[in-house]
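J.: Have a look at this one.
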Amino acid sequence: MDACFLSSNSLSKTITFAPSIKPRLLTAPKTIQYQLNCKKVKIPSLITYCHLGSSSPEDDSKPSPDPDWRSFRARLVAGERALRPQADDLSSSVDPDTVGDEDQPPTVKISEKWAHTLHEPEKGCLLIATEKLDGVHIFERTVILLLSTGPVGPTGIILNRPSLMSIKETKSTVFDVAGTFSDRPLFFGGPLEEGLFLVRPHRGGDDGVGRSGVFDEVVKGVYYGTKESVGCAAEMVKRNVVEAEEFRFFDGYCGWEKEQLRDEIRAGYWTVAACSPSVIGLSSVGSVGLWDEVLGLVGPRKVW
């Protein structure tokens with residue numbers, strides 16, 4: 001499967017595409033020019049069988065990691081910022097990886113929606129396009145949710161491109177399982193061909209989705225699936241485990257080679273941020289204002 005990434009090229013004056021993508025000339029107003037290249041990067045395979053039965057006592061007794069560790073880290077970051085003078089806070093950013101046990105900041109309350117910068121990409125983080133991507137039609141002012149940082153390379157989906165058509169209108173047979181999702185909007189997730197979806201269950205459906213063994217949890221309460229698992233998703237809707245309105249479907253995705261994304265971050269193309277699940281809720285998908293909202297939550301920042 002092809003994957004696209006940006007690479008710094010001070011001699012290039014255009015954006016060139018691999019043969020699998022229709023060539024398109026773009027003019028970038030910035031002094032730093034770049035190329036959009038394509039490589040082979042696979043989306044991590046998810047389990048394709050669907051387990052909808054009730055959990056066993058043995059499963060309930062097994063210890064599980066704290067799913068709210070991101071909120072704990074966010075409180076540490078907020079406490080660290082609270083200890084800093086105002087001027088220092090405006091000129092530097094907090095590296096949550098350096099928050100140690102010594103002189104640990106006081107625990108502070110954080111709002112339902114929060115976001116803070118990270119120095120390294122991680123699963124479930126956001127990639128926020130910087131001004132260096134202005135003029136690049138696909139990625140300008142985008143917010144990308146990173147689904148995986150596996151050994152073959154990071155993958156993610158664009159969250160803030162509006163939907164223009166429903167699955168039925170696109171005549172796609174990938175997501176239209178017996179008409180279950182035919183009326184759901186289809187969003188643009190990236191330039192690489194693949195069908196993906198997010199699901200954020202309500203009404204207690206989180207347990208059933210998580211225990212199905214099919215979907216991968218990106219952040220607390222938000223899961224993603226591929227076209228191979230859409231049949232199980234339709235079966236869950238049929239059994240009232242989850243509602244069809246709790247899915248968001250994407251045509252395409254974004255992908256990078258293993259070290260390429262880090263190179264782009266260092267070059268200043270992306271700001272990396274952790275955020276609360278409420279920031280990437282279903283209502284945020286397709287919202288053109290998400291870019292401004294996330295930057296507002298992150299606050300004063302610098303580009304690496």
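Chains: A, B, ... in order of the structure tokens. Residues: from 1 per chain. Ligands: from 1, in order shown.
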Excluding segment 145-148 of chain A and residues on its chain fewer than 6 positions from it, collect all residues at most 9 Å away from it, counting only C-alpha atoms, and give them as number ranges by chain.
T.: A: 43-44, 121-127, 154-159, 216-218, 224, 254, 280
J.: Give me, as a tab-separated table (two decimals) with N, CA, C and O atoms, in the first residue's frame, all polymer residues having an atom no more than 8 Å from Glu131 of chain A, counting only C-alpha atoms and skipping those fewer than 5 positions away in the same chain.
T.:
chain	number	residue	atom	x	y	z
A	140	GLU	N	-2.79	21.55	4.14
A	140	GLU	CA	-2.89	22.89	4.71
A	140	GLU	C	-3.95	22.95	5.81
A	140	GLU	O	-5.09	22.52	5.62
A	141	ARG	N	-3.55	23.43	7.00
A	141	ARG	CA	-4.44	23.60	8.16
A	141	ARG	C	-5.15	22.29	8.54
A	141	ARG	O	-6.30	22.30	8.97
A	269	TYR	N	7.18	21.13	9.96
A	269	TYR	CA	5.94	20.99	9.23
A	269	TYR	C	4.75	20.69	10.14
A	269	TYR	O	3.61	20.99	9.80
J.: Quick one: everything within 8 Å of Val177 of chain A, counting only C-alpha atoms, minus sequence neighbours fewer than 5 positions away in the same chain. Send it as an MDAnalysis selection string.
T.: chainID A and resid 182 230:231 234
J.: Rounded to one decimal in Å, what is the spacing between atom CA of Val143 of chain A and atom CA of Ile128 of chain A?
T.: 4.8 Å
J.: If we count only C-alpha atoms, what is near segment 244-246 of chain A at a cut-off of 8 Å, once residues fewer than 4 positions away on the same chain are taken out, given as a list in words?
T.: Thr180, Phe181, Arg184, Val199, Arg200, Pro201, His202, Val237 and Leu282 of chain A
J.: Keeping N, CA and C atoms, export the residues of the selection given above as an mmCIF file, in the first residue's frame.
T.:
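again_31.cif written:
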data_model
loop_
_atom_site.group_PDB
_atom_site.id
_atom_site.type_symbol
_atom_site.label_atom_id
_atom_site.label_comp_id
_atom_site.auth_asym_id
_atom_site.auth_seq_id
_atom_site.Cartn_x
_atom_site.Cartn_y
_atom_site.Cartn_z
ATOM 1 N N THR A 180 -26.351 -0.939 6.124
ATOM 2 C CA THR A 180 -26.239 -0.492 7.513
ATOM 3 C C THR A 180 -25.669 0.918 7.614
ATOM 4 N N PHE A 181 -24.654 1.215 6.817
ATOM 5 C CA PHE A 181 -23.963 2.500 6.911
ATOM 6 C C PHE A 181 -24.121 3.340 5.646
ATOM 7 N N ARG A 184 -24.423 7.109 6.085
ATOM 8 C CA ARG A 184 -23.400 7.806 6.866
ATOM 9 C C ARG A 184 -22.500 8.635 5.949
ATOM 10 N N VAL A 199 -14.949 4.813 15.763
ATOM 11 C CA VAL A 199 -16.185 4.571 16.497
ATOM 12 C C VAL A 199 -15.968 5.002 17.940
ATOM 13 N N ARG A 200 -16.928 5.780 18.437
ATOM 14 C CA ARG A 200 -16.894 6.196 19.842
ATOM 15 C C ARG A 200 -18.251 5.852 20.454
ATOM 16 N N PRO A 201 -18.347 4.675 21.061
ATOM 17 C CA PRO A 201 -19.645 4.213 21.557
ATOM 18 C C PRO A 201 -20.104 4.969 22.795
ATOM 19 N N HIS A 202 -21.418 5.100 22.915
ATOM 20 C CA HIS A 202 -22.052 5.682 24.090
ATOM 21 C C HIS A 202 -22.978 4.626 24.689
ATOM 22 N N VAL A 237 -24.104 -3.118 15.224
ATOM 23 C CA VAL A 237 -25.251 -2.216 15.089
ATOM 24 C C VAL A 237 -26.548 -3.015 15.099
ATOM 25 N N LEU A 282 -16.787 12.719 18.025
ATOM 26 C CA LEU A 282 -17.408 12.538 16.715
ATOM 27 C C LEU A 282 -17.865 13.865 16.128
#
J.: A:Gly286, A:Trp69, A:Gly153, A:Lys109: which is nearest Ala82 of chain A, counting only C-alpha atoms?
T.: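 Answer, going by the shortest atom-to-atom distance: A:Lys109.
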J.: At what distance in Å, to one decimal, does atom CA of Ser276 of chain A lie from atom CA of Glu80 of chain A?
T.: 18.0 Å
J.: Expressed in Å to a single decimal, how great is the separation between atom CA of Phe249 of chain A and atom CA of Ala129 of chain A?
T.: 21.8 Å
J.: Just checking: using only C-alpha atoms, which residue out of A:Ile167, A:Cys275, A:Ala178, A:Ala233 ends up closest to Asp68 of chain A?
T.: A:Cys275
